[in-house]
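*Asks:* Let me begin by handing over the structure; questions about it come next.
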Protein chains: 4
Amino acid sequence: MIHKSQRALKPRKMPVQARAALTVEAISEATIQVLLSSGADRLTTTRVAERAGVSVGTLYQYYPNKQSLLFAILEQQLDRVSAAVEAACEQSCGKPLAEMVRYVVGQFVDAKMVRTDISTALYRISVYLGGPELVRRTEERSRKALEGMIKTAPDVAGKPEPFAIQMMYSAMAGATRNVLEAGAPPVMVRKLREHLVLLCQCYVRALSNITR
Amino acid sequence: MIHKSQRALKPRKMPVQARAALTVEAISEATIQVLLSSGADRLTTTRVAERAGVSVGTLYQYYPNKQSLLFAILEQQLDRVSAAVEAACEQSCGKPLAEMVRYVVGQFVDAKMVRTDISTALYRISVYLGGPELVRRTEERSRKALEGMIKTAPDVAGKPEPFAIQMMYSAMAGATRNVLEAGAPPVMVRKLREHLVLLCQCYVRALSNITR
Amino acid sequence: MIHKSQRALKPRKMPVQARAALTVEAISEATIQVLLSSGADRLTTTRVAERAGVSVGTLYQYYPNKQSLLFAILEQQLDRVSAAVEAACEQSCGKPLAEMVRYVVGQFVDAKMVRTDISTALYRISVYLGGPELVRRTEERSRKALEGMIKTAPDVAGKPEPFAIQMMYSAMAGATRNVLEAGAPPVMVRKLREHLVLLCQCYVRALSNITR
Amino acid sequence: MIHKSQRALKPRKMPVQARAALTVEAISEATIQVLLSSGADRLTTTRVAERAGVSVGTLYQYYPNKQSLLFAILEQQLDRVSAAVEAACEQSCGKPLAEMVRYVVGQFVDAKMVRTDISTALYRISVYLGGPELVRRTEERSRKALEGMIKTAPDVAGKPEPFAIQMMYSAMAGATRNVLEAGAPPVMVRKLREHLVLLCQCYVRALSNITR
DNA sequence: CATGAATGAGGTTTCATTCAT
DNA sequence: TATGAATGAAACCTCATTCAT
């Protein structure tokens with residue numbers, strides 16, 4: 001059962017020709033656009049295909065069903081963000097805590113903001129059947145990276161409580177989401193970045209004080 | 001335009017007979033249940049009516065369409081939480097900042113946790129057409145209350161930056177959401193409460209240091 | 001079967017009390033109003049009852065179903081017009097043809113125009129199941145009266161061809177309908193009256209010339 | 001507003017493949033059939049699709065809603081008749097009045113009788129929301145053609161009164177409708193043709209006498 | 001490979017009618 | 001008798017998906 005549904009969500013085939021790659025890209029883009037302009041409940045495969053400039057049949061050659069289409073872009077985006085966080089964590093190993101946090105949080109926000117339209121669009125489908133599950137798996141990955149990194153901070157005694165990591169991540173993700181859904185102008189994004197750094201820094205510092 | 005859509009979301013009529021009040025209540029409950037058991041995309045008016053033990057026709061006597069049904073319970077829940085925050089703010093006027101934050105954050109979490117099932121269920125529909133708008137309006141209300149309260153703190157110089165309030169609220173709401181969507185056991189809820197208090201406290205303290 | 005459907009269209013009971021008569025009248029009126037304001041396809045029993053200021057239940061105490069309601073007012077109106085034509089025919093017996101036609105046509109138009117709103121409204125339901133049948137029966141009645149009358153004209157030799165009568169009636173009814181559906185101002189109604197008299201007069205005169 | 005409703009009534013897309021053209025034709029035909037066999041109030045899109053031998057979905061690929069389906073065939077028929085009248089008017093320019101009327105009236109009746117089933121069926125829906133409006137627009141077209149033609153008659157002094165034209169058209173249309181709704185046998189149709197010519201001829205002659 | 005016509009289950013919504021109060 | 005809550009069949013319409021061309 002699980003196997004089946006897992007497979008059902010995978011893209012049907014990889015584009016081998018150059019032209020096909022363009023098609024797949026066009027469909028992805030169209031999905032975002034439709035999501036933003038029409039909303040999640042009026043996103044239909046036909047509309048997506050239309051916007052992408054291909055026929056429905058073509059869409060179904062690359063994605064076995066509607067969900068797989070949504071999952072593909074959701075996964076892609078989440079992977080991108082996770083990767084950014086992981087990379088930032090790795091680069092920050094051994095640095096002082098405050099610096100760690102500054103860098104990682106900054107990279108997280110930047111990753112989300114590379115394409116605000118995609119981020120915004122995806123909030124609208126993240127609730128879909130299995131969506132939250134995918135989100136959770138992704139967060140897990142980031143949390144592990146964060147946990148590993150913090151352990152290497154020279155100015156922290158003991159290991160961080162796992163829940164605290166989740167807390168911090170939730171705060172980061174939650175605040176970012178809120179700002180995006182409010183239709184953020186660039187200036188606000190910058191503010192978000194600063195304040196989020198501050199918020200996380202003082203939170204982790206407070207925690208280490210308690211632990212001590 | 002706004003008028004029309006606003007009206008379309010309002011319940012159709014108030015029950016005048018006692019029997020009718022029971023019916024309306026049953027429909028509300030059933031909506032939550034279906035949302036939890038079947039998910040947002042398999043929530044149909046027929047299913048809701050069935051679960052409520054009434055006919056579809058009856059459902060449509062009280063709600064002009066599916067959206068109005070979802071809105072009604074979303075609005076109810078958001079109002080409840082907003083009211084809790086407002087009350088907490090009022091009660092905390094003039095107290096020291098740390099205490100303020102402790103009380104308000106605690107009340108916020110408690111309000112969300114009164115019925116975790118409803119909270120969880122509503123995350124699944126808050127994305128619906130107009131949902132985010134409603135959510136934003138509600139947050140506005142809470143932010144105003146928070147802003148007003150903080151101004152009365154004896155140990156804070158100057159007024160808080162509006163964006164900081166939004167930040168804090170987003171962190172609160174975001175973290176709570178994450179915990180709930182992860183399927184929180186009661187013990188975690190308690191931890192969430194503590195950590196959220198800590199996180200917000202040190203954030204606002206850090207802010208006032210900066211301001212000074 | 002025929003018996004059954006015939007009965008199903010009859011009003012359920014005659015109002016015996018004065019209050020009841022008022023109610024029935026109110027329902028009739030409301031039906032017209034709804035027909036005019038909402039159109040035939042949005043005429044619902046609930047809406048009619050509402051407009052009449054009674055509950056649906058009450059409506060169903062006087063009419064066994066929706067059709068009977070519509071038929072009642074359709075029949076009433078048609079009867080009124082038929083009666084007017086018959087009376088006019090009787091009064092014109094023995095008069096010269098031109099005078100006959102002038103009087104009858106005038107009376108017909110007047111009968112239709114007593115309440116233009118009712119006439120207009122009824123065009124919208126005359127198509128209903130069985131409507132055309134009722135209309136035909138009514139026309140039959142008028143045609144017989146016309147035929148009987150024309151036979152008594154001193155300036156006509158031989159009897160009129162039955163089809164010619166139908167022709168004349170159709171022209172009268174059709175032209176009147178057209179004018180009403182175009183939203184006739186009173187001045188047009190007067191013109192209609194004149195021209196219809198002229199049209200019918202010269203038609204019947206032409207016919208008698210041929211016959212001779 | 002008008003734009004929206006206008007668009008809502010237009011067919012959704014033109015068939016591009018040969019197969020599709022057949023489908024559209026089948027749907028049109030089926031609509032007439034259902035209208036005749038089941039009546040206007042029992043005409044459902046499902047029934048039409050069934051009779052056409054296609055699925056409902058297919059129907060909705062070509063017509064955005066039920067009304068547009070009905071409008072399409074109503075418009076087609078009305079256009080055909082209007083065109084016939086216009087052509088006849090053009091051909092009769094400059095001929096004597098009696099001949100004009102004979103030819104035009106004949107063409108009108110013939111056009112209506114090409115497919116008596118369609119004509120009959122359409123009387124049943126012409127009342128639909130917007131139906132009368134469409135009918136009026138169509139009549140306007142014919143009236144203009146008639147007016148233009150009569151001006152060219154050598155044996156008529158002055159121009160005809162506009163109302164008289166409407167009168168004549170109404171008489172023509174009304175009488176034809178009556179005969180068709182009575183379930184006309186071919187022999188009656190021939191009679192209608194003759195009598196209508198006579199009726200109109202003597203009417204217009206009478207008018208010119210008055211004018212003179 | 002691409003197309004787009006066709007499918008039909010299933011969703012939302014209406015409304016004539018009944019019946020307990 | 002009057003009310004209006006409840007019913008549920010049936011209408012309209014959408015859209016994910018398939019498949020012949």
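Residue numbering restarts at 1 in every chain; chains get A, B, ... in the order shown in the structure tokens, and ligands count up from 1 in that same order.
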Name the residues in contact with segment 10-13 of chain F at a cut-off of 8 Å, using only C-alpha atoms (C1' of nucleotides), excluding same-chain residues fewer than 2 positions from it; report them as a count of residues only.
*Replies:* 5
*Asks:* Got a sec: who's within 8 Å of Ala182 of chain C, counting only C-alpha atoms (C1' of nucleotides), leaving out chain neighbours fewer than 3 positions off, as an NGL selection string?
*Replies:* (:C and (178-179)) or (:D and (136))
*Asks:* Please provide as a PyMOL selection string all residues within 10 Å of segment 205-207 of chain A, with the sequence filter that same-chain residues fewer than 6 positions apart are discarded (counting only C-alpha atoms (C1' of nucleotides)).
*Replies:* (chain A and resi 97-98+155-156+160-161+164) or (chain B and resi 195+198-199+201-203)
*Asks:* Kindly determine which residues of chain E lie within 9 Å of chain D, considering only C-alpha atoms (C1' of nucleotides), and give the answer as a PyMOL selection string.
*Replies:* chain E and resi 4-8
*Asks:* Which residues of chain F are close to chain B, meaning at most 10 Å apart when you count only C-alpha atoms (C1' of nucleotides), and how do they look as a list in words?
*Replies:*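 Written out as asked, the residues are DG4, DA5, DA6, DT7 and DG8 of chain F.
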*Asks:* Write out as number ranges by chain which residues come within 12 Å of Leu122 of chain B when counting only C-alpha atoms (C1' of nucleotides), dropping same-chain ones fewer than 3 positions away.
*Replies:* A: 127; B: 31-36, 39-40, 70-78, 112, 115-119, 125-128, 131-132, 135, 177, 180-181
*Asks:* Give me, as a count of residues only, the residues of segment 23-188 of chain C that a backbone DSSP run labels alpha helix (DSSP H).
*Replies:* 127
*Asks:* Which residues, written as a count of residues only, have at least one atom at most 10 Å from Val104 of chain D, with only C-alpha atoms (C1' of nucleotides) counted and residues fewer than 6 positions away on the same chain left out?
*Replies:* 12
